[in-house]
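So this one's target.json, JSON, C-alpha atoms:
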[["chain", "number", "residue", "atom", "x", "y", "z"],
["I", 1, "MET", "CA", 153.14, 100.48, 128.41],
["I", 2, "ASN", "CA", 149.65, 99.37, 129.45],
["I", 3, "PRO", "CA", 146.76, 101.27, 127.95],
["I", 4, "SER", "CA", 144.36, 102.74, 130.48],
["I", 5, "PRO", "CA", 141.09, 100.88, 130.89],
["I", 6, "PRO", "CA", 138.12, 102.41, 129.08],
["I", 7, "THR", "CA", 135.95, 104.75, 131.09],
["I", 8, "PRO", "CA", 132.77, 102.98, 132.17],
["I", 9, "LEU", "CA", 129.54, 104.26, 130.70],
["I", 10, "SER", "CA", 127.46, 106.41, 133.00],
["I", 11, "LYS", "CA", 123.78, 106.02, 133.80],
["I", 12, "ASP", "CA", 123.18, 109.02, 131.52],
["I", 13, "ASP", "CA", 125.02, 107.25, 128.68],
["I", 14, "PHE", "CA", 122.80, 104.18, 129.11],
["I", 15, "GLU", "CA", 119.67, 106.35, 129.22],
["I", 16, "ARG", "CA", 120.68, 108.07, 125.97],
["I", 17, "LEU", "CA", 121.42, 104.78, 124.26],
["I", 18, "ALA", "CA", 118.19, 103.19, 125.50],
["I", 19, "ASP", "CA", 116.15, 106.21, 124.46],
["I", 20, "PHE", "CA", 117.74, 106.26, 121.01],
["I", 21, "ARG", "CA", 117.05, 102.54, 120.58],
["I", 22, "TYR", "CA", 113.44, 103.07, 121.68],
["I", 23, "ARG", "CA", 112.90, 105.93, 119.26],
["I", 24, "LEU", "CA", 114.58, 103.97, 116.48],
["I", 25, "ARG", "CA", 112.23, 101.05, 117.13],
["I", 26, "LEU", "CA", 109.22, 103.39, 117.11],
["I", 27, "PHE", "CA", 110.34, 104.69, 113.74],
["I", 28, "LEU", "CA", 110.98, 101.22, 112.33],
["I", 29, "ARG", "CA", 107.59, 99.97, 113.49],
["I", 30, "PHE", "CA", 105.93, 103.00, 111.92],
["I", 31, "SER", "CA", 107.82, 102.27, 108.70],
["I", 32, "GLU", "CA", 106.87, 98.59, 108.68],
["I", 33, "GLU", "CA", 103.18, 99.32, 109.22],
["I", 34, "LEU", "CA", 103.12, 102.11, 106.63],
["I", 35, "ALA", "CA", 104.73, 99.95, 103.95],
["I", 36, "GLN", "CA", 102.35, 97.07, 104.63],
["I", 37, "SER", "CA", 99.30, 99.34, 104.59],
["I", 38, "ASN", "CA", 100.40, 100.45, 101.11],
["I", 39, "GLY", "CA", 100.67, 96.92, 99.79],
["I", 40, "ILE", "CA", 104.41, 96.40, 99.94],
["I", 41, "THR", "CA", 106.88, 94.93, 102.40],
["I", 42, "PRO", "CA", 109.28, 97.08, 104.41],
["I", 43, "LEU", "CA", 112.15, 95.66, 102.34],
["I", 44, "GLN", "CA", 110.40, 96.63, 99.11],
["I", 45, "TYR", "CA", 110.12, 100.18, 100.46],
["I", 46, "GLN", "CA", 113.83, 100.12, 101.27],
["I", 47, "LEU", "CA", 114.60, 99.07, 97.71],
["I", 48, "LEU", "CA", 112.46, 101.88, 96.28],
["I", 49, "LEU", "CA", 114.06, 104.38, 98.66],
["I", 50, "GLN", "CA", 117.58, 103.27, 97.71],
["I", 51, "LEU", "CA", 116.75, 103.58, 94.01],
["I", 52, "ARG", "CA", 115.26, 107.06, 94.44],
["I", 53, "GLY", "CA", 118.12, 108.17, 96.66],
["I", 54, "TYR", "CA", 120.99, 106.50, 94.85],
["I", 55, "PRO", "CA", 123.86, 109.02, 94.66],
["I", 56, "GLY", "CA", 124.39, 110.69, 91.31],
["I", 57, "ARG", "CA", 121.88, 108.84, 89.14],
["I", 58, "ASP", "CA", 118.34, 107.49, 88.99],
["I", 59, "TRP", "CA", 119.19, 103.78, 88.65],
["I", 60, "ALA", "CA", 121.37, 101.18, 90.37],
["I", 61, "THR", "CA", 122.66, 97.68, 89.74],
["I", 62, "VAL", "CA", 121.72, 94.63, 91.78],
["I", 63, "ALA", "CA", 125.21, 94.60, 93.31],
["I", 64, "GLU", "CA", 124.90, 98.25, 94.33],
["I", 65, "LEU", "CA", 121.46, 97.65, 95.82],
["I", 66, "ALA", "CA", 122.74, 94.59, 97.68],
["I", 67, "GLN", "CA", 125.42, 96.79, 99.25],
["I", 68, "ARG", "CA", 122.97, 99.55, 100.16],
["I", 69, "LEU", "CA", 120.47, 97.07, 101.62],
["I", 70, "GLN", "CA", 123.25, 95.04, 103.29],
["I", 71, "SER", "CA", 121.87, 91.89, 101.68],
["I", 72, "HIS", "CA", 123.05, 89.09, 99.43],
["I", 73, "HIS", "CA", 123.02, 89.46, 95.65],
["I", 74, "HIS", "CA", 120.63, 86.54, 95.13],
["I", 75, "SER", "CA", 118.21, 87.93, 97.75],
["I", 76, "VAL", "CA", 118.11, 91.29, 95.99],
["I", 77, "VAL", "CA", 117.46, 89.57, 92.63],
["I", 78, "GLY", "CA", 114.36, 88.01, 94.18],
["I", 79, "LEU", "CA", 113.31, 91.32, 95.73],
["I", 80, "VAL", "CA", 113.75, 93.08, 92.37],
["I", 81, "SER", "CA", 111.66, 90.38, 90.68],
["I", 82, "ARG", "CA", 108.83, 90.85, 93.19],
["I", 83, "CYS", "CA", 108.93, 94.63, 92.74],
["I", 84, "GLU", "CA", 108.97, 94.24, 88.97],
["I", 85, "ALA", "CA", 105.89, 91.98, 89.16],
["I", 86, "GLN", "CA", 104.12, 94.79, 91.04],
["I", 87, "GLN", "CA", 105.24, 97.28, 88.35],
["I", 88, "LEU", "CA", 107.24, 99.29, 90.87],
["I", 89, "ILE", "CA", 110.59, 99.05, 89.08],
["I", 90, "VAL", "CA", 111.97, 98.49, 85.60],
["I", 91, "ARG", "CA", 115.01, 96.40, 84.59],
["I", 92, "LYS", "CA", 117.10, 97.33, 81.56],
["I", 93, "PRO", "CA", 120.35, 95.96, 80.16],
["I", 94, "GLY", "CA", 123.35, 98.01, 81.22],
["I", 95, "ARG", "CA", 124.42, 100.91, 79.02],
["I", 96, "GLU", "CA", 128.10, 100.07, 79.18],
["I", 97, "ASP", "CA", 127.96, 96.38, 80.02],
["I", 98, "ARG", "CA", 124.95, 94.48, 78.67],
["I", 99, "ARG", "CA", 125.53, 91.72, 81.25],
["I", 100, "CYS", "CA", 124.84, 94.21, 84.02],
["I", 101, "VAL", "CA", 121.21, 95.16, 84.70],
["I", 102, "GLU", "CA", 120.15, 98.71, 85.52],
["I", 103, "ILE", "CA", 117.19, 98.97, 87.84],
["I", 104, "SER", "CA", 115.11, 102.11, 88.01],
["I", 105, "LEU", "CA", 111.77, 103.19, 89.39],
["I", 106, "ALA", "CA", 108.64, 102.75, 87.30],
["I", 107, "PRO", "CA", 106.03, 105.56, 87.55],
["I", 108, "LYS", "CA", 104.02, 103.54, 90.10],
["I", 109, "GLY", "CA", 107.16, 103.03, 92.22],
["I", 110, "GLU", "CA", 108.08, 106.71, 91.98],
["I", 111, "GLU", "CA", 104.63, 107.73, 93.16],
["I", 112, "LEU", "CA", 104.68, 105.25, 96.03],
["I", 113, "VAL", "CA", 108.18, 106.11, 97.25],
["I", 114, "GLN", "CA", 107.29, 109.83, 97.20],
["I", 115, "LEU", "CA", 104.23, 109.16, 99.36],
["I", 116, "LEU", "CA", 106.03, 106.90, 101.81],
["I", 117, "ALA", "CA", 109.19, 109.00, 102.07],
["I", 118, "ARG", "CA", 107.15, 112.12, 102.86],
["I", 119, "ALA", "CA", 105.38, 110.23, 105.68],
["I", 120, "HIS", "CA", 108.75, 108.93, 106.95],
["I", 121, "ARG", "CA", 110.22, 112.43, 106.97],
["I", 122, "ASP", "CA", 107.21, 113.74, 108.90],
["I", 123, "GLU", "CA", 107.49, 110.88, 111.40],
["I", 124, "LEU", "CA", 111.18, 111.61, 111.96],
["I", 125, "LEU", "CA", 110.38, 115.26, 112.59],
["I", 126, "ALA", "CA", 107.65, 114.26, 115.04],
["I", 127, "LEU", "CA", 110.02, 111.91, 116.88],
["I", 128, "ARG", "CA", 112.62, 114.65, 117.02],
["I", 129, "GLN", "CA", 110.14, 117.07, 118.57],
["I", 130, "SER", "CA", 108.40, 114.57, 120.85],
["I", 131, "SER", "CA", 108.43, 115.12, 124.55],
["I", 132, "GLY", "CA", 110.95, 113.47, 126.77],
["I", 133, "SER", "CA", 114.26, 114.44, 128.19],
["I", 134, "LEU", "CA", 116.27, 112.69, 125.49],
["I", 135, "SER", "CA", 115.94, 113.43, 121.81],
["I", 136, "LEU", "CA", 117.69, 112.01, 118.77],
["I", 137, "ASP", "CA", 119.64, 115.25, 118.52],
["I", 138, "LEU", "CA", 120.77, 114.96, 122.12],
["I", 139, "LEU", "CA", 122.12, 111.48, 121.48],
["I", 140, "LEU", "CA", 123.93, 112.62, 118.37],
["I", 141, "GLN", "CA", 125.40, 115.60, 120.21],
["I", 142, "ALA", "CA", 126.56, 113.25, 122.95],
["I", 143, "ALA", "CA", 128.60, 111.16, 120.51],
["I", 144, "GLN", "CA", 131.83, 112.70, 121.77],
["I", 145, "SER", "CA", 131.14, 111.66, 125.34],
["I", 146, "LEU", "CA", 130.29, 108.14, 124.19],
["I", 147, "ALA", "CA", 133.45, 107.78, 122.14],
["I", 148, "PRO", "CA", 135.90, 105.25, 123.54],
["I", 149, "ASP", "CA", 138.98, 106.63, 125.25]]
As structure tokens, what does this structure read like?
Amino acid sequence: MNPSPPTPLSKDDFERLADFRYRLRLFLRFSEELAQSNGITPLQYQLLLQLRGYPGRDWATVAELAQRLQSHHHSVVGLVSRCEAQQLIVRKPGREDRRCVEISLAPKGEELVQLLARAHRDELLALRQSSGSLSLDLLLQAAQSLAPD
């Protein structure tokens, strides 16, 4: 039995995808510029955000952060070192396994991530409400029509 060929994407599908990609890029550029104007790199902001938003606790290990950032362990070690030098995070030996390091926000990092996250939330809301025929919500609602057959 031969499976039926997938339904080709419509012009509307392409417009939704292109609009989503455009809005995503607007948001990412906003994020990059905001982080840099506050003296950190976009990746440092991502690290702070992942620490603040880590599920169920207020710290994470390097391995967990590497997973959340989709990066290599050794790259995250360097990122953590740079954030520690800026007094944004604190490293402590693990509670259960002393070989494992727990990374948490320092007061300066907590203050900065609060400021930046609030601005990011406001920017997302603005993008959601911006004019144009295609919004982020519209794309997400269209997920069923974009699903492969």
Contacts of stretch 69-78 of chain I at 12 Å (only C-alpha atoms; same-chain gap of 2+ positions) as a ChimeraX atom specification: /I:42-51,54,60-67,80-85,91,101-103
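Coordinates place atom CA of I:Phe27 at a distance of 7.2 Å from atom CA of I:Leu124.
As for atom CA of I:Glu32 and atom CA of I:Glu123, they are spaced 12.6 Å apart.
Atom pair atom CA of I:Pro107 / atom CA of I:Gln86: separated by 11.5 Å.
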Can you fill out stretch 69-80 of chain I with all heavy atoms and hand it back as a tab-separated table (two decimals), keeping the file's coordinate frame?
chain	number	residue	atom	x	y	z
I	69	LEU	N	121.44	97.76	100.77
I	69	LEU	CA	120.47	97.07	101.62
I	69	LEU	C	121.15	96.12	102.61
I	69	LEU	O	120.48	95.50	103.44
I	69	LEU	CB	119.47	96.28	100.76
I	69	LEU	CG	118.58	97.12	99.86
I	69	LEU	CD1	117.79	96.24	98.91
I	69	LEU	CD2	117.64	98.00	100.68
I	70	GLN	N	122.48	95.97	102.46
I	70	GLN	CA	123.25	95.04	103.29
I	70	GLN	C	122.65	93.64	103.20
I	70	GLN	O	122.33	92.99	104.20
I	70	GLN	CB	123.31	95.52	104.74
I	70	GLN	CG	124.17	96.74	104.93
I	70	GLN	CD	125.63	96.44	104.61
I	70	GLN	OE1	126.31	95.79	105.39
I	70	GLN	NE2	126.12	96.89	103.46
I	71	SER	N	122.48	93.18	101.96
I	71	SER	CA	121.87	91.89	101.68
I	71	SER	C	122.71	91.14	100.66
I	71	SER	O	123.66	91.68	100.10
I	71	SER	CB	120.45	92.12	101.14
I	71	SER	OG	119.74	90.92	101.03
I	72	HIS	N	122.35	89.90	100.41
I	72	HIS	CA	123.05	89.09	99.43
I	72	HIS	C	122.51	89.36	98.03
I	72	HIS	O	121.32	89.65	97.86
I	72	HIS	CB	122.90	87.59	99.75
I	72	HIS	CG	123.51	87.22	101.05
I	72	HIS	ND1	124.87	87.10	101.23
I	72	HIS	CD2	122.96	86.95	102.26
I	72	HIS	CE1	125.12	86.78	102.48
I	72	HIS	NE2	123.98	86.68	103.13
I	73	HIS	N	123.38	89.22	97.05
I	73	HIS	CA	123.02	89.46	95.65
I	73	HIS	C	121.77	88.68	95.25
I	73	HIS	O	120.82	89.24	94.69
I	73	HIS	CB	124.21	89.09	94.75
I	73	HIS	CG	124.03	89.45	93.32
I	73	HIS	ND1	123.36	88.64	92.43
I	73	HIS	CD2	124.42	90.53	92.62
I	73	HIS	CE1	123.35	89.20	91.25
I	73	HIS	NE2	123.99	90.35	91.33
I	74	HIS	N	121.76	87.37	95.54
I	74	HIS	CA	120.63	86.54	95.13
I	74	HIS	C	119.33	86.95	95.82
I	74	HIS	O	118.25	86.85	95.24
I	74	HIS	CB	120.92	85.05	95.34
I	74	HIS	CG	121.08	84.66	96.77
I	74	HIS	ND1	122.27	84.78	97.44
I	74	HIS	CD2	120.19	84.15	97.65
I	74	HIS	CE1	122.11	84.36	98.69
I	74	HIS	NE2	120.86	83.98	98.84
I	75	SER	N	119.40	87.45	97.05
I	75	SER	CA	118.21	87.93	97.75
I	75	SER	C	117.65	89.18	97.08
I	75	SER	O	116.43	89.34	96.97
I	75	SER	CB	118.52	88.22	99.21
I	75	SER	OG	118.95	87.06	99.88
I	76	VAL	N	118.55	90.06	96.65
I	76	VAL	CA	118.11	91.29	95.99
I	76	VAL	C	117.52	90.98	94.62
I	76	VAL	O	116.55	91.61	94.20
I	76	VAL	CB	119.27	92.31	95.91
I	76	VAL	CG1	118.87	93.54	95.09
I	76	VAL	CG2	119.69	92.72	97.31
I	77	VAL	N	118.05	89.98	93.92
I	77	VAL	CA	117.46	89.57	92.63
I	77	VAL	C	116.01	89.18	92.84
I	77	VAL	O	115.12	89.59	92.09
I	77	VAL	CB	118.27	88.43	91.98
I	77	VAL	CG1	117.52	87.83	90.79
I	77	VAL	CG2	119.64	88.92	91.55
I	78	GLY	N	115.73	88.40	93.88
I	78	GLY	CA	114.36	88.01	94.18
I	78	GLY	C	113.49	89.20	94.55
I	78	GLY	O	112.33	89.30	94.11
I	79	LEU	N	114.03	90.11	95.34
I	79	LEU	CA	113.31	91.32	95.73
I	79	LEU	C	112.99	92.17	94.50
I	79	LEU	O	111.86	92.67	94.35
I	79	LEU	CB	114.15	92.12	96.73
I	79	LEU	CG	113.58	93.42	97.26
I	79	LEU	CD1	112.28	93.19	98.01
I	79	LEU	CD2	114.62	94.10	98.16
I	80	VAL	N	113.95	92.32	93.61
I	80	VAL	CA	113.75	93.08	92.37
I	80	VAL	C	112.66	92.41	91.53
I	80	VAL	O	111.78	93.09	90.99
I	80	VAL	CB	115.08	93.20	91.59
I	80	VAL	CG1	114.84	93.64	90.15
I	80	VAL	CG2	116.01	94.18	92.30
